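Chemist: This is the content of entry_6.txt (compact mmCIF, C-alpha atoms):
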```
# COMPACT_ATOMS: atom_id res chain seq x y z
CA MET A 1 -0.98 114.11 -94.04
CA GLY A 2 -4.75 113.81 -94.15
CA ARG A 3 -7.71 115.37 -95.87
CA TRP A 4 -11.44 115.28 -95.27
CA ILE A 5 -13.22 113.64 -98.21
CA GLY A 6 -16.98 113.58 -97.70
CA ARG A 7 -17.50 112.10 -94.23
CA TRP A 8 -14.36 109.92 -94.36
CA TYR A 9 -10.86 110.90 -93.31
CA ARG A 10 -8.31 109.65 -95.85
CA ILE A 11 -4.55 109.56 -95.57
CA VAL A 12 -3.30 111.39 -98.65
CA PRO A 13 0.28 110.66 -99.79
CA SER A 14 2.76 113.51 -99.64
CA ASP A 15 4.10 114.91 -102.90
CA GLU A 16 7.32 112.93 -102.37
CA LEU A 17 5.33 109.68 -102.50
CA ALA A 18 3.22 110.60 -105.51
CA MET A 19 3.32 108.13 -108.41
CA ASN A 20 3.25 108.52 -112.18
CA LEU A 21 0.48 106.12 -113.16
CA ALA A 22 -0.66 104.44 -116.33
CA LEU A 23 -4.34 103.56 -116.66
CA ILE A 24 -4.87 100.51 -118.85
CA GLY A 25 -8.58 100.54 -119.69
CA TYR A 26 -10.61 103.73 -119.51
CA GLY A 27 -14.18 102.62 -118.99
CA LYS A 28 -16.24 103.61 -115.97
CA MET A 29 -13.81 101.97 -113.56
CA GLY A 30 -10.75 103.46 -115.23
CA GLN A 31 -12.29 106.91 -115.06
CA GLN A 32 -13.17 106.46 -111.41
CA VAL A 33 -9.60 105.30 -110.68
CA GLU A 34 -8.32 108.44 -112.41
CA ARG A 35 -10.42 110.67 -110.15
CA CYS A 36 -9.29 108.85 -107.02
CA ALA A 37 -5.63 108.88 -108.08
CA LEU A 38 -5.64 112.61 -108.80
CA GLU A 39 -7.41 113.26 -105.52
CA ARG A 40 -4.56 111.41 -103.79
CA ARG A 41 -1.99 113.60 -105.59
CA HIS A 42 -0.77 111.04 -108.09
CA SER A 43 -0.35 111.97 -111.76
CA ILE A 44 -1.65 110.14 -114.80
CA GLN A 45 1.24 109.65 -117.21
CA MET A 46 -0.56 107.48 -119.78
CA ILE A 47 -4.08 106.30 -120.57
CA ALA A 48 -4.67 103.32 -122.86
CA ASN A 49 -8.09 102.25 -124.05
CA GLY A 50 -7.59 99.60 -126.70
CA GLN A 51 -4.32 98.82 -128.45
CA TRP A 52 -1.21 100.43 -126.98
CA ASP A 53 2.57 100.23 -127.22
CA SER A 54 4.79 99.39 -124.25
CA ALA A 55 7.03 102.31 -125.23
CA SER A 56 4.30 104.59 -123.90
CA LEU A 57 5.10 103.31 -120.39
CA LYS A 58 8.28 105.41 -120.29
CA GLY A 59 8.32 107.40 -117.06
CA VAL A 60 5.50 105.33 -115.52
CA ASP A 61 5.95 104.02 -111.96
CA LEU A 62 2.95 101.71 -111.90
CA ALA A 63 0.00 100.67 -114.07
CA ILE A 64 -3.56 100.09 -112.91
CA GLU A 65 -5.38 97.74 -115.28
CA PHE A 66 -9.18 97.55 -115.61
CA SER A 67 -9.79 96.40 -119.17
CA ARG A 68 -11.52 93.37 -120.73
CA PRO A 69 -11.02 89.67 -119.95
CA GLU A 70 -9.61 88.93 -123.41
CA ALA A 71 -7.06 91.77 -123.15
CA ALA A 72 -5.96 91.51 -119.51
CA PHE A 73 -3.18 88.93 -119.90
CA GLU A 74 -1.49 90.83 -122.72
CA ASN A 75 -1.83 94.12 -120.84
CA VAL A 76 -0.30 92.72 -117.66
CA THR A 77 2.56 90.97 -119.47
CA LYS A 78 3.39 94.13 -121.42
CA CYS A 79 3.76 96.02 -118.15
CA LEU A 80 5.88 93.30 -116.54
CA ARG A 81 8.20 93.03 -119.55
CA ALA A 82 8.61 96.82 -119.47
CA GLY A 83 9.63 96.65 -115.81
CA VAL A 84 6.49 98.44 -114.62
CA ALA A 85 4.60 97.24 -111.54
CA VAL A 86 0.98 96.46 -112.30
CA VAL A 87 -2.28 96.22 -110.34
CA SER A 88 -5.05 94.40 -112.18
CA GLY A 89 -8.74 94.35 -111.31
CA THR A 90 -10.02 92.83 -114.56
CA THR A 91 -11.99 89.62 -113.95
CA GLY A 92 -12.79 86.73 -116.25
CA TRP A 93 -9.20 85.67 -117.08
CA ASN A 94 -8.50 83.38 -114.12
CA ASP A 95 -7.05 80.63 -116.32
CA LYS A 96 -4.15 82.89 -117.37
CA ILE A 97 -3.36 84.52 -114.03
CA PRO A 98 -0.91 81.73 -113.00
CA ALA A 99 1.07 82.34 -116.21
CA ALA A 100 1.19 86.08 -115.46
CA GLU A 101 2.41 85.34 -111.94
CA MET A 102 5.07 82.97 -113.29
CA LEU A 103 6.31 85.68 -115.66
CA CYS A 104 6.33 88.20 -112.82
CA ASN A 105 8.52 85.92 -110.71
CA GLU A 106 10.84 85.15 -113.62
CA LEU A 107 11.36 88.87 -114.29
CA GLY A 108 11.54 89.90 -110.64
CA GLY A 109 8.55 92.16 -111.20
CA SER A 110 5.58 93.35 -109.17
CA PHE A 111 2.03 92.18 -109.83
CA LEU A 112 -1.10 92.44 -107.70
CA PHE A 113 -4.38 90.91 -108.79
CA ALA A 114 -7.71 91.28 -107.00
CA SER A 115 -11.16 90.25 -108.16
CA ASN A 116 -12.48 92.92 -105.79
CA PHE A 117 -10.70 95.84 -104.07
CA SER A 118 -13.42 96.53 -101.50
CA ILE A 119 -12.35 96.12 -97.87
CA GLY A 120 -15.80 94.76 -97.07
CA VAL A 121 -15.66 92.11 -99.79
CA ASN A 122 -12.23 90.98 -98.65
CA LEU A 123 -13.63 90.62 -95.15
CA LEU A 124 -16.46 88.61 -96.75
CA PHE A 125 -13.85 86.29 -98.31
CA ALA A 126 -12.38 85.65 -94.86
CA LEU A 127 -15.79 85.13 -93.24
CA ASN A 128 -16.86 82.82 -96.08
CA LYS A 129 -13.87 80.55 -95.46
CA TRP A 130 -14.48 80.57 -91.70
CA LEU A 131 -18.16 79.69 -92.08
CA ALA A 132 -17.54 77.04 -94.74
CA GLU A 133 -15.07 75.23 -92.49
CA ARG A 134 -17.72 75.05 -89.78
CA MET A 135 -20.45 74.01 -92.20
CA ASN A 136 -18.35 71.13 -93.44
CA GLY A 137 -19.82 68.86 -90.79
CA GLN A 138 -23.38 70.18 -91.13
CA ALA A 139 -24.74 68.05 -93.96
CA GLY A 140 -28.28 69.32 -93.39
CA PHE A 141 -27.33 72.77 -94.74
CA ALA A 142 -27.17 73.26 -98.51
CA PRO A 143 -25.11 76.25 -99.73
CA GLU A 144 -25.91 78.58 -102.62
CA LEU A 145 -24.56 81.88 -103.99
CA GLN A 146 -26.28 84.90 -105.48
CA GLU A 147 -24.65 87.91 -107.12
CA THR A 148 -26.13 90.99 -108.79
CA HIS A 149 -24.25 93.53 -110.92
CA HIS A 150 -24.96 96.31 -113.40
CA LYS A 151 -26.08 95.38 -116.88
CA HIS A 152 -22.74 96.46 -118.40
CA LYS A 153 -20.67 93.81 -116.61
CA LEU A 154 -19.19 91.41 -119.15
CA ASP A 155 -18.48 88.28 -117.11
CA ALA A 156 -20.94 86.10 -115.22
CA PRO A 157 -20.62 84.92 -112.58
CA SER A 158 -18.44 87.69 -111.22
CA GLY A 159 -14.84 87.08 -110.24
CA THR A 160 -15.86 87.72 -106.65
CA ALA A 161 -18.58 85.06 -106.83
CA ILE A 162 -16.13 82.56 -108.32
CA ARG A 163 -13.65 83.25 -105.51
CA LEU A 164 -16.40 82.75 -102.91
CA ALA A 165 -17.53 79.54 -104.62
CA GLU A 166 -14.06 78.04 -104.93
CA ASP A 167 -13.16 78.84 -101.33
CA LEU A 168 -16.44 77.28 -100.16
CA ILE A 169 -15.96 74.13 -102.24
CA GLN A 170 -12.43 73.71 -100.93
CA ALA A 171 -13.68 73.76 -97.33
CA VAL A 172 -16.92 71.76 -97.68
CA ASP A 173 -16.15 68.13 -98.54
CA ARG A 174 -19.65 67.35 -99.88
CA MET A 175 -19.35 70.02 -102.60
CA ASP A 176 -17.21 69.38 -105.66
CA GLN A 177 -18.14 71.99 -108.30
CA TRP A 178 -20.20 75.10 -108.99
CA VAL A 179 -22.63 75.85 -111.78
CA ILE A 180 -24.56 78.90 -112.98
CA GLY A 181 -28.26 78.33 -112.41
CA HIS A 182 -29.98 75.30 -110.91
CA ALA A 183 -27.92 72.54 -109.29
CA THR A 184 -28.82 69.03 -110.44
CA ALA A 185 -27.04 67.25 -107.58
CA GLY A 186 -26.32 67.88 -103.92
CA SER A 187 -22.59 68.10 -104.60
CA ILE A 188 -23.04 71.05 -106.99
CA LEU A 189 -23.01 74.63 -105.71
CA PRO A 190 -25.53 76.82 -107.61
CA ILE A 191 -24.68 80.43 -108.44
CA GLU A 192 -27.42 82.84 -109.48
CA ALA A 193 -25.95 85.73 -111.51
CA LYS A 194 -28.20 88.72 -112.19
CA ARG A 195 -27.44 91.72 -114.43
CA GLU A 196 -29.75 94.67 -113.88
CA GLY A 197 -29.67 98.47 -113.83
CA GLU A 198 -26.54 100.12 -112.43
CA VAL A 199 -26.04 97.90 -109.36
CA PRO A 200 -22.36 98.26 -108.25
CA GLY A 201 -22.31 94.74 -106.79
CA THR A 202 -24.13 92.54 -104.30
CA HIS A 203 -22.92 89.11 -103.17
CA ARG A 204 -24.66 86.68 -100.83
CA VAL A 205 -23.66 83.24 -99.57
CA THR A 206 -26.58 81.32 -98.09
CA TYR A 207 -26.87 77.98 -96.27
CA ARG A 208 -30.37 76.49 -96.09
CA SER A 209 -31.71 73.60 -94.06
CA ALA A 210 -35.29 72.36 -93.63
CA THR A 211 -35.73 74.67 -90.65
CA GLU A 212 -33.04 77.38 -90.82
CA GLU A 213 -31.31 79.81 -93.15
CA LEU A 214 -27.96 81.55 -92.61
CA SER A 215 -26.49 84.19 -94.95
CA LEU A 216 -23.40 86.33 -95.40
CA GLN A 217 -23.95 89.38 -97.61
CA HIS A 218 -22.01 92.34 -98.92
CA VAL A 219 -23.63 95.26 -100.74
CA ALA A 220 -21.53 97.85 -102.56
CA LYS A 221 -23.34 101.19 -102.70
CA ASP A 222 -20.94 103.05 -104.99
CA ARG A 223 -18.24 101.83 -107.39
CA VAL A 224 -15.87 104.44 -105.90
CA VAL A 225 -15.04 101.91 -103.17
CA PHE A 226 -13.39 99.68 -105.80
CA ALA A 227 -11.40 102.55 -107.31
CA GLU A 228 -10.19 103.76 -103.91
CA GLY A 229 -9.11 100.24 -103.04
CA ALA A 230 -7.22 99.87 -106.32
CA VAL A 231 -5.30 103.12 -105.79
CA MET A 232 -4.49 102.19 -102.21
CA ALA A 233 -3.28 98.77 -103.42
CA ALA A 234 -1.06 100.54 -105.95
CA GLU A 235 0.45 102.69 -103.20
CA TRP A 236 1.11 99.56 -101.14
CA LEU A 237 2.71 97.71 -104.08
CA MET A 238 5.29 100.39 -104.87
CA GLY A 239 8.73 99.24 -103.77
CA ARG A 240 7.69 95.60 -103.37
CA THR A 241 8.66 92.68 -105.59
CA GLY A 242 6.56 89.58 -106.17
CA CYS A 243 2.95 88.49 -106.69
CA PHE A 244 0.31 89.70 -104.27
CA ARG A 245 -3.42 89.76 -103.55
CA MET A 246 -5.65 92.18 -101.66
CA SER A 247 -5.32 90.05 -98.52
CA ASP A 248 -1.63 91.04 -98.47
CA VAL A 249 -2.51 94.74 -98.69
CA LEU A 250 -4.95 94.38 -95.79
CA ASN A 251 -2.53 92.18 -93.81
CA PHE A 252 -5.10 89.40 -93.45
CA ASN A 253 -2.37 86.76 -93.62
CA PRO A 254 0.52 88.14 -91.56
CA LYS A 255 3.65 86.02 -91.43
CA GLY A 256 3.75 83.80 -88.39
CA SER A 257 -0.04 83.71 -88.04
```
As a first step, turn the structure in this file into structure tokens.
Modeler:
Amino acid sequence: MGRWIGRWYRIVPSDELAMNLALIGYGKMGQQVERCALERRHSIQMIANGQWDSASLKGVDLAIEFSRPEAAFENVTKCLRAGVAVVSGTTGWNDKIPAAEMLCNELGGSFLFASNFSIGVNLLFALNKWLAERMNGQAGFAPELQETHHKHKLDAPSGTAIRLAEDLIQAVDRMDQWVIGHATAGSILPIEAKREGEVPGTHRVTYRSATEELSLQHVAKDRVVFAEGAVMAAEWLMGRTGCFRMSDVLNFNPKGS
């Protein structure tokens, strides 16, 4: 079943496929996720913004978590221990994600993490890897990253920028680390992180030589794209067991490829 939303045609789940959702974190993203979820005929069973008890997850099919970096690990593990599938879009807690994935596997749970739920950004991830592999042998080109977000964003650089940087470093042998600000050596990838106004998110990967410049760029025009992606990821996760990323939702890495 479909419905016209603005100028886009969205597939809206039937009532039989509707989920009872928990929203963990109720800032601007959580509120946008709520609007998108209700538009897609899901119901909001529980909203948590701060401390919450896992008993409140009773009757919840899946939780969507957009909170704070210092709270994300506890939020995700609470959901997993309660047997509730969880989609997390909180960034800035990368060091604890492997532990959350290990717990998910131990419990036979369902966990999907994405630093960015935009289809365009996930295409940018794929293009960034492709270009970096080809730039590996082009020592005359020096890479750099720039990202700009709204002034309310807590982490810098963004999770998306870190993903881009780490994928680039893995593919380009002459690069071995990234740093915020100016690079002091040719093996260091500089990331410029700006916080201004209400910018939803802009990311650019640039390679410069003495005579040329090549860039990949993604510009988000409205944060609704992230909320829509998170709800669609939640729909995809239902009924699946394991740890997943947005590339799985978009089938960027099909088995046998």
Chemist: With only C-alpha atoms as the basis for distance, which of A:Ala220, A:Ala48, A:Leu107, A:Leu189 is at the shortest distance from Thr148 in chain A?
Modeler: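 Looking at the shortest contact to Thr148 in chain A, the residue is A:Ala220.
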Chemist: I'd like the neighbourhood of Thr91 in chain A as a list of chain:residue names, where a residue qualifies if any of its atoms comes within 7 Å (using all atoms listed in the file), though same-chain residues fewer than 3 positions away should be ignored.
Modeler: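 Neighbouring residues, sequence-local ones excluded: A:Pro69, A:Ser115, A:Gly159.
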Chemist: For each of A:Val60, A:His149, A:Asp222, A:Ala99, take the minimum atom-to-atom distance to Glu196 in chain A, counting only C-alpha atoms, then give the residue where this is smallest.
Modeler: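 Closest to Glu196 in chain A of all the choices is A:His149.
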Chemist: Can you work out which one of A:Lys151, A:Arg40, A:Lys78, A:Arg245 has the shortest atom-to-atom distance to Glu228 in chain A, counting all atoms listed in the file?
Modeler: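 The closest residue to Glu228 in chain A is A:Arg40.
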Chemist: Please identify all polymer residues within 12 Å of Gly83 in chain A, counting all atoms listed in the file, omitting same-chain residues fewer than 2 positions from it, and present them as a list of chain:residue names.
Modeler: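 That gives A:Ser54, A:Ala55, A:Leu57, A:Lys58, A:Gly59, A:Val60, A:Asp61, A:Leu62, A:Ala63, A:Val76, A:Thr77, A:Lys78, A:Cys79, A:Leu80, A:Arg81, A:Ala85, A:Val86, A:Leu103, A:Cys104, A:Asn105, A:Glu106, A:Leu107, A:Gly108, A:Gly109, A:Ser110, A:Phe111, A:Thr241.
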Chemist: Find, counting only C-alpha atoms, the residue in A:Ile97, A:Ile24, A:Ala114, A:Ala82 that gets nearest to Ser67 in chain A.
Modeler: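 Counting only C-alpha atoms, the residue closest to Ser67 in chain A is A:Ile24.
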Chemist: Around (-24.7, 67.9, -101.6), as given in the file, which residues come within 7 Å? Count only C-alpha atoms and list them as a list in words.
Modeler: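 Output of the proximity query reads Ala142, Arg174, Met175, Ala185, Gly186, Ser187 and Ile188 of chain A.
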Chemist: Ranking A:Tyr26, A:Trp178, A:Phe117, A:Trp52 by minimum distance to Arg223 in chain A and counting only C-alpha atoms, which one comes first?
Modeler: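 With only C-alpha atoms as the atom set, the closest residue is A:Phe117.
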Chemist: Could you give me, as JSON, numbers by chain, the residues within 12 Å of Ala126 in chain A, counting only C-alpha atoms and dropping anything in the same chain fewer than 2 positions from it?
Modeler: {"A": [119, 120, 121, 122, 123, 124, 128, 129, 130, 131, 132, 133, 163, 164, 167, 168, 216, 246, 247, 250, 251, 252, 253]}
Chemist: Of the candidates A:Val224, A:Met135, A:Leu237, A:Val219, which shows the shortest atom-to-atom distance to Glu34 in chain A, using all atoms listed in the file?
Modeler: A:Val224
Chemist: I'd like the contact shell of Ile191 in chain A - 9 Å cut-off, all atoms listed in the file, skipping same-chain residues fewer than 5 positions apart - returned as a PDB file with C-alpha atoms, keeping the file's coordinate frame.
Modeler:
```pdb
ATOM      1  CA  GLU A 144     -25.910  78.580-102.620  1.00  0.00           C
ATOM      2  CA  LEU A 145     -24.560  81.880-103.990  1.00  0.00           C
ATOM      3  CA  GLN A 146     -26.280  84.900-105.480  1.00  0.00           C
ATOM      4  CA  GLU A 147     -24.650  87.910-107.120  1.00  0.00           C
ATOM      5  CA  PRO A 157     -20.620  84.920-112.580  1.00  0.00           C
ATOM      6  CA  ALA A 161     -18.580  85.060-106.830  1.00  0.00           C
ATOM      7  CA  ILE A 162     -16.130  82.560-108.320  1.00  0.00           C
ATOM      8  CA  ALA A 165     -17.530  79.540-104.620  1.00  0.00           C
ATOM      9  CA  TRP A 178     -20.200  75.100-108.990  1.00  0.00           C
ATOM     10  CA  VAL A 179     -22.630  75.850-111.780  1.00  0.00           C
ATOM     11  CA  ILE A 180     -24.560  78.900-112.980  1.00  0.00           C
ATOM     12  CA  GLY A 181     -28.260  78.330-112.410  1.00  0.00           C
ATOM     13  CA  HIS A 182     -29.980  75.300-110.910  1.00  0.00           C
ATOM     14  CA  ALA A 183     -27.920  72.540-109.290  1.00  0.00           C
TER      15      ALA A 183
END
```
Chemist: I'd like the interatomic distance between CA of Gly229 in chain A and CA of Ala22 in chain A, to a tenth of an Å.
Modeler: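 Rounded to one decimal, the two atoms are 16.3 Å apart.
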Chemist: Take CA of Ser118 in chain A and CA of Val33 in chain A and report the distance between them in Å, one decimal.
Modeler: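 Going from CA of Ser118 in chain A over to CA of Val33 in chain A covers 13.3 Å.
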Chemist: Just give me the gap between CA of Gln51 in chain A and CA of Gly197 in chain A in Å, one decimal is fine.
Modeler: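 Those two atoms sit 29.3 Å apart.
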Chemist: For Gln31 in chain A, work out the shell of residues within 10 Å, counting all atoms listed in the file and skipping chain neighbours fewer than 5 positions away, then give it as a list in words.
Modeler: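 The neighbour list is Leu23, Gly25, Tyr26, Cys36, Ala37, Ile47, Phe66 and Ala227 of chain A.
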Chemist: Could you write out that same residue set with C-alpha atoms as a PDB file, keeping the file's coordinate frame?
Modeler:
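So the final result, stored in part-v2.pdb, reads:
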```
ATOM      1  CA  LEU A  23      -4.340 103.560-116.660  1.00  0.00           C
ATOM      2  CA  GLY A  25      -8.580 100.540-119.690  1.00  0.00           C
ATOM      3  CA  TYR A  26     -10.610 103.730-119.510  1.00  0.00           C
ATOM      4  CA  CYS A  36      -9.290 108.850-107.020  1.00  0.00           C
ATOM      5  CA  ALA A  37      -5.630 108.880-108.080  1.00  0.00           C
ATOM      6  CA  ILE A  47      -4.080 106.300-120.570  1.00  0.00           C
ATOM      7  CA  PHE A  66      -9.180  97.550-115.610  1.00  0.00           C
ATOM      8  CA  ALA A 227     -11.400 102.550-107.310  1.00  0.00           C
TER       9      ALA A 227
END
```
Chemist: First collect every listed atom of range 156-172 of chain A; then fit an axis-aligned box around them, widen it by 5 Å on each side, and give centre and edge lengths in Å to one decimal, as AutoDock Vina command-line options.
Modeler:
```
--center_x -16.7 --center_y 79.7 --center_z -106.3 --size_x 18.5 --size_y 26.0 --size_z 27.9
```
